[in-house]
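structure-v1.txt, holding compact mmCIF, C-alpha atoms:
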# COMPACT_ATOMS: atom_id res chain seq x y z
CA MET R 1 -90.75 5.72 132.44
CA ALA R 2 -88.22 5.79 129.61
CA ARG R 3 -86.16 2.65 129.14
CA PRO R 4 -82.74 2.33 127.54
CA ALA R 5 -82.76 0.14 124.43
CA ARG R 6 -80.01 -2.11 125.74
CA GLY R 7 -80.66 -5.06 127.97
CA ARG R 8 -78.81 -7.40 130.29
CA GLU R 9 -79.09 -11.15 130.56
CA ALA R 10 -79.57 -12.62 134.02
CA LEU R 11 -78.93 -16.31 134.69
CA ARG R 12 -81.33 -18.05 137.05
CA GLY R 13 -82.24 -21.54 138.19
CA PRO R 14 -85.58 -22.68 136.72
CA ALA R 15 -87.64 -22.18 139.88
CA ARG R 16 -86.10 -18.83 140.75
CA GLN R 17 -86.37 -17.67 137.17
CA ALA R 18 -90.08 -18.51 137.16
CA VAL R 19 -90.56 -16.40 140.29
CA GLU R 20 -88.70 -13.45 138.77
CA VAL R 21 -90.75 -13.65 135.59
CA THR R 22 -93.98 -13.75 137.62
CA ALA R 23 -92.91 -10.69 139.63
CA LEU R 24 -91.75 -8.66 136.63
CA ARG R 25 -94.93 -9.37 134.71
CA ALA R 26 -96.99 -8.28 137.71
CA LEU R 27 -95.03 -5.01 137.84
CA ALA R 28 -95.08 -4.33 134.10
CA ASP R 29 -97.14 -1.16 134.55
CA GLN R 30 -93.87 0.44 135.74
CA GLU R 31 -95.35 2.03 138.86
CA LEU R 32 -92.11 0.88 140.47
CA PRO R 33 -88.68 1.37 138.85
CA VAL R 34 -88.22 -2.21 137.69
CA PRO R 35 -86.68 -3.60 134.50
CA GLU R 36 -88.91 -4.49 131.60
CA LEU R 37 -88.95 -8.18 130.74
CA LEU R 38 -87.85 -8.43 127.10
CA ASP R 39 -87.45 -12.17 126.65
CA GLU R 40 -87.52 -15.40 128.63
CA ARG R 41 -85.22 -18.24 127.65
CA ALA R 42 -84.60 -21.71 129.02
CA ASP R 43 -81.89 -20.61 131.43
CA SER R 44 -82.07 -16.81 131.51
CA VAL R 45 -84.21 -13.73 131.15
CA LEU R 46 -83.44 -10.63 129.10
CA ILE R 47 -84.39 -7.37 130.79
CA THR R 48 -83.83 -3.69 130.11
CA LEU R 49 -80.71 -2.07 131.46
CA LEU R 50 -81.57 0.72 133.89
CA PRO R 51 -79.36 3.63 134.94
CA GLY R 52 -77.71 4.02 138.31
CA GLU R 53 -75.17 2.57 140.69
CA ARG R 54 -75.40 0.40 143.79
CA LEU R 55 -76.61 2.22 146.88
CA ASP R 56 -73.24 1.77 148.57
CA ALA R 57 -71.18 3.03 145.61
CA GLY R 58 -70.81 6.51 147.12
CA THR R 59 -70.12 7.92 150.56
CA ALA R 60 -71.63 6.56 153.76
CA ASP R 61 -73.93 9.58 154.08
CA LEU R 62 -75.08 9.28 150.46
CA ARG R 63 -75.90 5.62 151.09
CA LEU R 64 -78.06 6.63 154.05
CA ARG R 65 -79.98 9.12 151.94
CA ARG R 66 -80.52 6.45 149.31
CA LEU R 67 -81.73 3.94 151.89
CA LEU R 68 -84.14 6.58 153.15
CA ALA R 69 -85.38 7.10 149.59
CA SER R 70 -85.84 3.36 149.08
CA GLY R 71 -88.24 3.01 152.01
CA PRO R 72 -91.30 4.50 150.25
CA TRP R 73 -90.69 2.21 147.26
CA LEU R 74 -90.68 -0.85 149.50
CA ARG R 75 -93.88 0.29 151.18
CA ARG R 76 -95.45 0.88 147.75
CA LEU R 77 -94.53 -2.66 146.72
CA HIS R 78 -96.14 -4.03 149.86
CA ARG R 79 -99.37 -2.27 148.93
CA ARG R 80 -99.47 -3.90 145.49
CA ARG R 81 -101.77 -6.80 144.85
CA PRO R 82 -99.50 -9.86 144.71
CA PRO R 83 -99.63 -12.06 141.63
CA THR R 84 -100.65 -15.68 141.84
CA GLY R 85 -97.81 -18.15 141.82
CA LEU R 86 -95.47 -16.51 144.31
CA PRO R 87 -93.93 -18.89 146.88
CA ALA R 88 -94.70 -18.67 150.58
CA ALA R 89 -92.56 -16.81 153.08
CA PRO R 90 -89.47 -18.45 154.61
CA ASP R 91 -90.11 -20.82 157.51
CA ASP R 92 -88.92 -18.73 160.45
CA ALA R 93 -89.68 -21.38 163.06
CA GLY R 94 -87.55 -23.75 161.01
CA ILE R 95 -84.76 -21.19 160.83
CA VAL R 96 -84.78 -20.79 164.60
CA ASP R 97 -84.77 -24.56 165.12
CA ARG R 98 -81.90 -25.12 162.67
CA TYR R 99 -79.90 -22.33 164.26
CA ARG R 100 -80.26 -23.80 167.71
CA ARG R 101 -79.38 -27.30 166.51
CA THR R 102 -76.37 -26.01 164.57
CA GLY R 103 -74.99 -24.34 167.68
CA GLY R 104 -74.89 -20.65 166.81
CA PRO R 105 -74.16 -18.01 169.47
CA PRO R 106 -77.03 -17.46 171.96
CA LEU R 107 -79.64 -15.03 170.64
CA PRO R 108 -83.00 -13.84 172.05
CA LEU R 109 -84.86 -15.83 169.41
CA ALA R 110 -88.62 -15.46 169.15
CA VAL R 111 -90.60 -15.18 165.93
CA PRO R 112 -92.80 -12.05 166.17
CA PRO R 113 -96.56 -12.39 165.58
CA PRO R 114 -97.28 -12.35 161.85
CA THR R 115 -99.02 -9.61 159.93
CA PRO R 116 -101.02 -10.22 156.73
CA ALA R 117 -98.88 -11.46 153.85
CA VAL R 118 -98.02 -9.03 151.04
CA PHE R 119 -95.98 -8.87 147.83
CA CYS R 120 -92.34 -9.02 149.02
CA HIS R 121 -89.15 -8.53 147.02
CA GLY R 122 -87.16 -10.96 149.14
CA ASP R 123 -83.69 -9.38 148.97
CA TRP R 124 -83.92 -5.59 149.42
CA THR R 125 -80.20 -4.83 149.63
CA ASP R 126 -77.58 -2.35 148.41
CA GLY R 127 -76.69 -4.53 145.46
CA ASN R 128 -80.27 -4.96 144.24
CA LEU R 129 -81.12 -1.26 144.26
CA LEU R 130 -79.67 1.33 141.90
CA ALA R 131 -79.63 5.08 142.36
CA VAL R 132 -78.56 8.28 140.66
CA SER R 133 -77.74 10.85 143.31
CA ASP R 134 -80.48 10.44 145.95
CA GLU R 135 -83.05 8.96 143.54
CA ILE R 136 -83.80 5.25 143.35
CA THR R 137 -83.69 4.32 139.67
CA ALA R 138 -84.02 0.52 139.71
CA VAL R 139 -85.10 -2.40 141.86
CA LEU R 140 -83.45 -5.54 140.49
CA ASP R 141 -83.28 -9.30 141.03
CA TRP R 142 -86.81 -10.45 141.79
CA GLU R 143 -86.08 -14.18 141.97
CA ALA R 144 -86.62 -14.23 145.76
CA ALA R 145 -90.06 -12.55 145.58
CA HIS R 146 -92.67 -14.19 147.78
CA LEU R 147 -95.79 -13.69 149.86
CA GLY R 148 -94.59 -12.59 153.25
CA ASP R 149 -94.75 -10.38 156.30
CA PRO R 150 -93.99 -6.75 155.37
CA VAL R 151 -92.35 -5.96 158.71
CA ARG R 152 -90.19 -9.05 158.37
CA GLU R 153 -89.00 -7.89 154.95
CA LEU R 154 -88.25 -4.37 156.15
CA ALA R 155 -86.41 -5.79 159.16
CA ARG R 156 -84.32 -8.09 156.98
CA ALA R 157 -83.30 -5.12 154.85
CA ALA R 158 -82.57 -2.98 157.90
CA TYR R 159 -80.57 -5.66 159.72
CA GLY R 160 -78.46 -6.44 156.68
CA ALA R 161 -77.82 -2.76 156.00
CA SER R 162 -76.89 -2.16 159.64
CA LEU R 163 -73.91 -4.49 159.32
CA LYS R 164 -72.27 -1.71 157.30
CA ASP R 165 -73.66 1.24 159.26
CA GLU R 166 -75.99 1.08 162.26
CA ARG R 167 -77.61 4.34 161.11
CA SER R 168 -79.08 2.37 158.22
CA VAL R 169 -81.85 1.08 160.49
CA ASP R 170 -83.22 4.53 161.22
CA ALA R 171 -82.95 5.53 157.56
CA LEU R 172 -84.96 2.57 156.30
CA VAL R 173 -87.52 2.65 159.11
CA GLU R 174 -88.10 6.38 158.63
CA GLY R 175 -88.34 6.06 154.87
CA TYR R 176 -90.84 3.23 155.12
CA GLY R 177 -92.81 4.78 157.98
CA ALA R 178 -92.66 1.81 160.36
CA ASP R 179 -92.48 1.17 164.10
CA ALA R 180 -88.80 0.79 164.94
CA ARG R 181 -89.46 -1.58 167.84
CA ALA R 182 -91.53 -3.89 165.66
CA VAL R 183 -88.75 -3.91 163.08
CA ARG R 184 -85.99 -4.60 165.61
CA ALA R 185 -87.98 -7.47 167.12
CA TRP R 186 -87.15 -9.41 163.94
CA PHE R 187 -83.40 -8.79 164.12
CA PRO R 188 -82.45 -11.96 166.05
CA VAL R 189 -84.27 -14.11 163.49
CA HIS R 190 -82.44 -12.42 160.61
CA ALA R 191 -79.13 -12.68 162.45
CA ALA R 192 -79.73 -16.41 162.82
CA GLU R 193 -80.73 -16.72 159.17
CA LEU R 194 -77.56 -14.95 158.01
CA TRP R 195 -75.35 -17.00 160.36
CA LEU R 196 -76.83 -20.23 158.98
CA TRP R 197 -76.15 -19.08 155.43
CA PHE R 198 -72.49 -18.44 156.19
CA ALA R 199 -72.25 -21.68 158.18
CA GLU R 200 -73.64 -23.71 155.28
CA ALA R 201 -72.39 -21.87 152.19
CA GLY R 202 -70.52 -18.69 152.96
CA PRO R 203 -66.79 -17.92 153.30
CA PRO R 204 -65.38 -19.09 156.66
CA ALA R 205 -63.86 -15.68 157.38
CA TYR R 206 -67.30 -14.06 157.19
CA LEU R 207 -68.73 -16.70 159.51
CA THR R 208 -66.00 -15.93 162.04
CA GLN R 209 -66.73 -12.20 161.86
CA LEU R 210 -70.47 -12.67 162.23
CA THR R 211 -70.03 -15.12 165.10
CA GLU R 212 -67.95 -12.57 166.98
CA ARG R 213 -70.60 -9.95 166.34
CA LEU R 214 -73.42 -12.16 167.57
CA GLU R 215 -71.50 -13.17 170.68
CA GLY R 216 -71.71 -9.52 171.69
CA TRP R 217 -75.43 -9.27 170.84
CA SER R 218 -77.29 -6.23 172.10
CA ASP R 219 -80.96 -5.30 171.65
CA GLY R 220 -80.01 -1.63 171.52

Let me see the structure of the file written as structure tokens.
Amino acid sequence: MARPARGREALRGPARQAVEVTALRALADQELPVPELLDERADSVLITLLPGERLDAGTADLRLRRLLASGPWLRRLHRRRPPTGLPAAPDDAGIVDRYRRTGGPPLPLAVPPPTPAVFCHGDWTDGNLLAVSDEITAVLDWEAAHLGDPVRELARAAYGASLKDERSVDALVEGYGADARAVRAWFPVHAAELWLWFAEAGPPAYLTQLTERLEGWSDG
């Protein structure tokens, strides 16, 4: 895949930077549309600048087509042999416990049975994927890569995307080729995880909006 000569510098904490470097080196064969690692410095990495815009930069329907197109790339990542040195998956039982102790809105919380751990991106979102028209041109920001449950990762992406447009779930699930019920079984866990993030670090207005949403929770 051709790469522009220019690069961009990304600032990272030491641990997260080490994870990103590990992931990018493991993907250096360019089977996936990822930046090329040009240089690693004490507090940043220099990577190639890839073309494209955020998935949500266009219309709602264009975003859905892009989400659909991103599904096969995520599945392809999950089939890659993971590199050594990736951190373990998030502690979902701990997330559920913290959520209950923090007093979030009632949710049907149960951690689904795990599937074998795979190479996960960790933050498959609109802002970390670039596209030109309907084509995915870049998967960015690998500092949250880890060994984790592939259905969990797909569900996290689908739940987060659904906050903008509920149709996003079907687009991602179809693109990936997954069981929609298995994906949706993870949604309460991801809702709790997001609520905790806003409760601990996010803007209060967003916490209020999410709380109202979760108070009307539906498994539909």

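Between CA of Leu140 in chain R and CA of Trp195 in chain R the interatomic distance comes to 24.3 Å.
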
Considering only C-alpha atoms, tabulate each residue of range 93-210 of chain R that lies at most 12 Å from range 66-79 of chain R along with its nearest interatomic pair and the corresponding distance in Å to one decimal; arrange the rows by chain and ascending residue number and present them as JSON lines.
{"residue": "R:Thr115", "atom": "CA", "partner": "R:His78", "partner_atom": "CA", "distance": 11.9}
{"residue": "R:Pro116", "atom": "CA", "partner": "R:His78", "partner_atom": "CA", "distance": 10.5}
{"residue": "R:Ala117", "atom": "CA", "partner": "R:His78", "partner_atom": "CA", "distance": 8.9}
{"residue": "R:Val118", "atom": "CA", "partner": "R:His78", "partner_atom": "CA", "distance": 5.5}
{"residue": "R:Phe119", "atom": "CA", "partner": "R:His78", "partner_atom": "CA", "distance": 5.3}
{"residue": "R:Cys120", "atom": "CA", "partner": "R:His78", "partner_atom": "CA", "distance": 6.3}
{"residue": "R:His121", "atom": "CA", "partner": "R:Leu77", "partner_atom": "CA", "distance": 8.0}
{"residue": "R:Gly122", "atom": "CA", "partner": "R:Leu74", "partner_atom": "CA", "distance": 10.7}
{"residue": "R:Asp123", "atom": "CA", "partner": "R:Leu74", "partner_atom": "CA", "distance": 11.0}
{"residue": "R:Trp124", "atom": "CA", "partner": "R:Leu74", "partner_atom": "CA", "distance": 8.3}
{"residue": "R:Thr125", "atom": "CA", "partner": "R:Leu67", "partner_atom": "CA", "distance": 9.2}
{"residue": "R:Asp126", "atom": "CA", "partner": "R:Leu67", "partner_atom": "CA", "distance": 8.3}
{"residue": "R:Gly127", "atom": "CA", "partner": "R:Leu67", "partner_atom": "CA", "distance": 11.8}
{"residue": "R:Asn128", "atom": "CA", "partner": "R:Ser70", "partner_atom": "CA", "distance": 11.1}
{"residue": "R:Leu129", "atom": "CA", "partner": "R:Ser70", "partner_atom": "CA", "distance": 8.2}
{"residue": "R:Leu130", "atom": "CA", "partner": "R:Arg66", "partner_atom": "CA", "distance": 9.0}
{"residue": "R:Ala131", "atom": "CA", "partner": "R:Arg66", "partner_atom": "CA", "distance": 7.1}
{"residue": "R:Val132", "atom": "CA", "partner": "R:Arg66", "partner_atom": "CA", "distance": 9.1}
{"residue": "R:Ser133", "atom": "CA", "partner": "R:Arg66", "partner_atom": "CA", "distance": 7.9}
{"residue": "R:Asp134", "atom": "CA", "partner": "R:Arg66", "partner_atom": "CA", "distance": 5.2}
{"residue": "R:Glu135", "atom": "CA", "partner": "R:Ala69", "partner_atom": "CA", "distance": 6.7}
{"residue": "R:Ile136", "atom": "CA", "partner": "R:Ser70", "partner_atom": "CA", "distance": 6.4}
{"residue": "R:Thr137", "atom": "CA", "partner": "R:Ser70", "partner_atom": "CA", "distance": 9.7}
{"residue": "R:Ala138", "atom": "CA", "partner": "R:Ser70", "partner_atom": "CA", "distance": 10.0}
{"residue": "R:Val139", "atom": "CA", "partner": "R:Trp73", "partner_atom": "CA", "distance": 9.0}
{"residue": "R:Ala145", "atom": "CA", "partner": "R:Leu77", "partner_atom": "CA", "distance": 10.9}
{"residue": "R:His146", "atom": "CA", "partner": "R:His78", "partner_atom": "CA", "distance": 10.9}
{"residue": "R:Leu147", "atom": "CA", "partner": "R:His78", "partner_atom": "CA", "distance": 9.7}
{"residue": "R:Gly148", "atom": "CA", "partner": "R:His78", "partner_atom": "CA", "distance": 9.3}
{"residue": "R:Asp149", "atom": "CA", "partner": "R:His78", "partner_atom": "CA", "distance": 9.2}
{"residue": "R:Pro150", "atom": "CA", "partner": "R:His78", "partner_atom": "CA", "distance": 6.5}
{"residue": "R:Val151", "atom": "CA", "partner": "R:His78", "partner_atom": "CA", "distance": 9.8}
{"residue": "R:Arg152", "atom": "CA", "partner": "R:His78", "partner_atom": "CA", "distance": 11.5}
{"residue": "R:Glu153", "atom": "CA", "partner": "R:Leu74", "partner_atom": "CA", "distance": 9.1}
{"residue": "R:Leu154", "atom": "CA", "partner": "R:Leu74", "partner_atom": "CA", "distance": 7.9}
{"residue": "R:Ala155", "atom": "CA", "partner": "R:Gly71", "partner_atom": "CA", "distance": 11.5}
{"residue": "R:Ala157", "atom": "CA", "partner": "R:Leu67", "partner_atom": "CA", "distance": 9.7}
{"residue": "R:Ala158", "atom": "CA", "partner": "R:Leu67", "partner_atom": "CA", "distance": 9.2}
{"residue": "R:Gly160", "atom": "CA", "partner": "R:Leu67", "partner_atom": "CA", "distance": 11.9}
{"residue": "R:Ala161", "atom": "CA", "partner": "R:Leu67", "partner_atom": "CA", "distance": 8.8}
{"residue": "R:Ser162", "atom": "CA", "partner": "R:Leu67", "partner_atom": "CA", "distance": 11.0}
{"residue": "R:Asp165", "atom": "CA", "partner": "R:Leu67", "partner_atom": "CA", "distance": 11.3}
{"residue": "R:Arg167", "atom": "CA", "partner": "R:Leu67", "partner_atom": "CA", "distance": 10.1}
{"residue": "R:Ser168", "atom": "CA", "partner": "R:Leu67", "partner_atom": "CA", "distance": 7.0}
{"residue": "R:Val169", "atom": "CA", "partner": "R:Leu67", "partner_atom": "CA", "distance": 9.1}
{"residue": "R:Asp170", "atom": "CA", "partner": "R:Leu68", "partner_atom": "CA", "distance": 8.4}
{"residue": "R:Ala171", "atom": "CA", "partner": "R:Leu68", "partner_atom": "CA", "distance": 4.7}
{"residue": "R:Leu172", "atom": "CA", "partner": "R:Leu68", "partner_atom": "CA", "distance": 5.2}
{"residue": "R:Val173", "atom": "CA", "partner": "R:Gly71", "partner_atom": "CA", "distance": 7.1}
{"residue": "R:Glu174", "atom": "CA", "partner": "R:Leu68", "partner_atom": "CA", "distance": 6.8}
{"residue": "R:Gly175", "atom": "CA", "partner": "R:Gly71", "partner_atom": "CA", "distance": 4.2}
{"residue": "R:Tyr176", "atom": "CA", "partner": "R:Gly71", "partner_atom": "CA", "distance": 4.1}
{"residue": "R:Gly177", "atom": "CA", "partner": "R:Gly71", "partner_atom": "CA", "distance": 7.7}
{"residue": "R:Ala178", "atom": "CA", "partner": "R:Arg75", "partner_atom": "CA", "distance": 9.4}

Find the residues around Tyr159 in chain R up to 8 Å (only C-alpha atoms counted), leave out those fewer than 6 positions away in its own chain, and share them as a list in words.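 Once the adjacent positions are removed, what remains is Val169, Phe187, His190 and Ala191 of chain R.
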
Protein/DNA/RNA residues near (-81.8, -13.6, 169.1), cut 7 Å, only C-alpha atoms, as a short mmCIF file (atom, residue, chain, number, x, y, z; two decimals) with C-alpha atoms, in the frame of the given file:
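Resulting contents of point_28.cif:
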data_model
loop_
_atom_site.label_atom_id
_atom_site.label_comp_id
_atom_site.auth_asym_id
_atom_site.auth_seq_id
_atom_site.Cartn_x
_atom_site.Cartn_y
_atom_site.Cartn_z
CA PRO R 106 -77.03 -17.46 171.96
CA LEU R 107 -79.64 -15.03 170.64
CA PRO R 108 -83.00 -13.84 172.05
CA LEU R 109 -84.86 -15.83 169.41
CA PRO R 188 -82.45 -11.96 166.05
CA VAL R 189 -84.27 -14.11 163.49
#

What separation in Å, quoted to one decimal, exists between CA of Lys164 in chain R and CA of Asp179 in chain R?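 Going from CA of Lys164 in chain R over to CA of Asp179 in chain R covers 21.5 Å.
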
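Note that CA of Ala89 in chain R and CA of Leu46 in chain R are 26.4 Å apart.
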
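Restricting the calculation to only C-alpha atoms, the smallest distance between Gly216 in chain R and any of R:Pro105, R:Asp141, R:Leu49, R:Leu196 is found for R:Pro105.
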
Quick test: take range 86-117 of chain R, keep N, CA and C atoms, and write it as a PDB file, in the first residue's frame.
ATOM      1  N   LEU R  86       1.323  -7.752  24.541  1.00  0.00           N
ATOM      2  CA  LEU R  86       0.066  -7.015  24.661  1.00  0.00           C
ATOM      3  C   LEU R  86      -0.531  -7.230  26.055  1.00  0.00           C
ATOM      4  N   PRO R  87      -1.165  -6.202  26.622  1.00  0.00           N
ATOM      5  CA  PRO R  87      -1.807  -6.381  27.932  1.00  0.00           C
ATOM      6  C   PRO R  87      -3.044  -7.260  27.835  1.00  0.00           C
ATOM      7  N   ALA R  88      -3.517  -7.686  28.992  1.00  0.00           N
ATOM      8  CA  ALA R  88      -4.723  -8.508  29.067  1.00  0.00           C
ATOM      9  C   ALA R  88      -5.962  -7.645  28.848  1.00  0.00           C
ATOM     10  N   ALA R  89      -7.074  -8.318  28.642  1.00  0.00           N
ATOM     11  CA  ALA R  89      -8.352  -7.639  28.440  1.00  0.00           C
ATOM     12  C   ALA R  89      -8.780  -6.903  29.709  1.00  0.00           C
ATOM     13  N   PRO R  90      -9.665  -5.909  29.571  1.00  0.00           N
ATOM     14  CA  PRO R  90     -10.212  -5.237  30.753  1.00  0.00           C
ATOM     15  C   PRO R  90     -10.897  -6.226  31.683  1.00  0.00           C
ATOM     16  N   ASP R  91     -10.924  -5.880  32.957  1.00  0.00           N
ATOM     17  CA  ASP R  91     -11.535  -6.728  33.987  1.00  0.00           C
ATOM     18  C   ASP R  91     -13.029  -6.422  34.034  1.00  0.00           C
ATOM     19  N   ASP R  92     -13.821  -7.203  33.322  1.00  0.00           N
ATOM     20  CA  ASP R  92     -15.257  -6.920  33.242  1.00  0.00           C
ATOM     21  C   ASP R  92     -15.977  -7.149  34.563  1.00  0.00           C
ATOM     22  N   ALA R  93     -15.575  -8.169  35.297  1.00  0.00           N
ATOM     23  CA  ALA R  93     -16.186  -8.389  36.614  1.00  0.00           C
ATOM     24  C   ALA R  93     -15.911  -7.196  37.516  1.00  0.00           C
ATOM     25  N   GLY R  94     -14.706  -6.644  37.421  1.00  0.00           N
ATOM     26  CA  GLY R  94     -14.378  -5.455  38.194  1.00  0.00           C
ATOM     27  C   GLY R  94     -15.191  -4.249  37.762  1.00  0.00           C
ATOM     28  N   ILE R  95     -15.418  -4.120  36.461  1.00  0.00           N
ATOM     29  CA  ILE R  95     -16.245  -3.021  35.954  1.00  0.00           C
ATOM     30  C   ILE R  95     -17.657  -3.111  36.521  1.00  0.00           C
ATOM     31  N   VAL R  96     -18.222  -4.312  36.479  1.00  0.00           N
ATOM     32  CA  VAL R  96     -19.572  -4.509  37.005  1.00  0.00           C
ATOM     33  C   VAL R  96     -19.630  -4.184  38.494  1.00  0.00           C
ATOM     34  N   ASP R  97     -18.636  -4.641  39.240  1.00  0.00           N
ATOM     35  CA  ASP R  97     -18.610  -4.389  40.685  1.00  0.00           C
ATOM     36  C   ASP R  97     -18.490  -2.899  40.979  1.00  0.00           C
ATOM     37  N   ARG R  98     -17.585  -2.201  40.273  1.00  0.00           N
ATOM     38  CA  ARG R  98     -17.420  -0.765  40.489  1.00  0.00           C
ATOM     39  C   ARG R  98     -18.688  -0.003  40.140  1.00  0.00           C
ATOM     40  N   TYR R  99     -19.339  -0.426  39.062  1.00  0.00           N
ATOM     41  CA  TYR R  99     -20.570   0.248  38.646  1.00  0.00           C
ATOM     42  C   TYR R  99     -21.642   0.126  39.722  1.00  0.00           C
ATOM     43  N   ARG R 100     -21.783  -1.063  40.245  1.00  0.00           N
ATOM     44  CA  ARG R 100     -22.805  -1.267  41.281  1.00  0.00           C
ATOM     45  C   ARG R 100     -22.486  -0.471  42.539  1.00  0.00           C
ATOM     46  N   ARG R 101     -21.206  -0.450  42.921  1.00  0.00           N
ATOM     47  CA  ARG R 101     -20.818   0.278  44.128  1.00  0.00           C
ATOM     48  C   ARG R 101     -20.915   1.784  43.947  1.00  0.00           C
ATOM     49  N   THR R 102     -20.741   2.250  42.699  1.00  0.00           N
ATOM     50  CA  THR R 102     -20.803   3.685  42.423  1.00  0.00           C
ATOM     51  C   THR R 102     -22.239   4.177  42.332  1.00  0.00           C
ATOM     52  N   GLY R 103     -23.180   3.264  42.123  1.00  0.00           N
ATOM     53  CA  GLY R 103     -24.588   3.641  42.146  1.00  0.00           C
ATOM     54  C   GLY R 103     -25.152   4.082  40.808  1.00  0.00           C
ATOM     55  N   GLY R 104     -24.698   3.452  39.728  1.00  0.00           N
ATOM     56  CA  GLY R 104     -25.260   3.760  38.417  1.00  0.00           C
ATOM     57  C   GLY R 104     -26.687   3.245  38.284  1.00  0.00           C
ATOM     58  N   PRO R 105     -27.412   3.684  37.247  1.00  0.00           N
ATOM     59  CA  PRO R 105     -28.779   3.210  37.025  1.00  0.00           C
ATOM     60  C   PRO R 105     -28.814   1.683  36.899  1.00  0.00           C
ATOM     61  N   PRO R 106     -29.902   1.040  37.338  1.00  0.00           N
ATOM     62  CA  PRO R 106     -29.994  -0.426  37.245  1.00  0.00           C
ATOM     63  C   PRO R 106     -29.852  -0.908  35.800  1.00  0.00           C
ATOM     64  N   LEU R 107     -28.997  -1.914  35.624  1.00  0.00           N
ATOM     65  CA  LEU R 107     -28.792  -2.529  34.321  1.00  0.00           C
ATOM     66  C   LEU R 107     -28.794  -4.042  34.480  1.00  0.00           C
ATOM     67  N   PRO R 108     -29.189  -4.786  33.446  1.00  0.00           N
ATOM     68  CA  PRO R 108     -29.149  -6.255  33.511  1.00  0.00           C
ATOM     69  C   PRO R 108     -27.725  -6.759  33.322  1.00  0.00           C
ATOM     70  N   LEU R 109     -26.895  -6.561  34.342  1.00  0.00           N
ATOM     71  CA  LEU R 109     -25.462  -6.810  34.219  1.00  0.00           C
ATOM     72  C   LEU R 109     -25.101  -8.272  34.435  1.00  0.00           C
ATOM     73  N   ALA R 110     -24.493  -8.849  33.433  1.00  0.00           N
ATOM     74  CA  ALA R 110     -23.951 -10.203  33.504  1.00  0.00           C
ATOM     75  C   ALA R 110     -22.857 -10.290  32.449  1.00  0.00           C
ATOM     76  N   VAL R 111     -21.672 -10.711  32.853  1.00  0.00           N
ATOM     77  CA  VAL R 111     -20.575 -10.834  31.902  1.00  0.00           C
ATOM     78  C   VAL R 111     -20.766 -12.109  31.088  1.00  0.00           C
ATOM     79  N   PRO R 112     -20.901 -12.013  29.762  1.00  0.00           N
ATOM     80  CA  PRO R 112     -21.105 -13.213  28.939  1.00  0.00           C
ATOM     81  C   PRO R 112     -19.920 -14.175  29.040  1.00  0.00           C
ATOM     82  N   PRO R 113     -20.153 -15.455  28.757  1.00  0.00           N
ATOM     83  CA  PRO R 113     -19.054 -16.428  28.756  1.00  0.00           C
ATOM     84  C   PRO R 113     -17.976 -16.000  27.767  1.00  0.00           C
ATOM     85  N   PRO R 114     -16.716 -16.149  28.143  1.00  0.00           N
ATOM     86  CA  PRO R 114     -15.639 -15.678  27.266  1.00  0.00           C
ATOM     87  C   PRO R 114     -15.420 -16.586  26.071  1.00  0.00           C
ATOM     88  N   THR R 115     -14.872 -16.013  25.032  1.00  0.00           N
ATOM     89  CA  THR R 115     -14.375 -16.776  23.887  1.00  0.00           C
ATOM     90  C   THR R 115     -12.855 -16.600  23.854  1.00  0.00           C
ATOM     91  N   PRO R 116     -12.137 -17.446  23.108  1.00  0.00           N
ATOM     92  CA  PRO R 116     -10.674 -17.360  23.113  1.00  0.00           C
ATOM     93  C   PRO R 116     -10.163 -15.965  22.769  1.00  0.00           C
ATOM     94  N   ALA R 117      -9.143 -15.538  23.491  1.00  0.00           N
ATOM     95  CA  ALA R 117      -8.595 -14.193  23.327  1.00  0.00           C
ATOM     96  C   ALA R 117      -7.890 -14.037  21.983  1.00  0.00           C
TER      97      ALA R 117
END
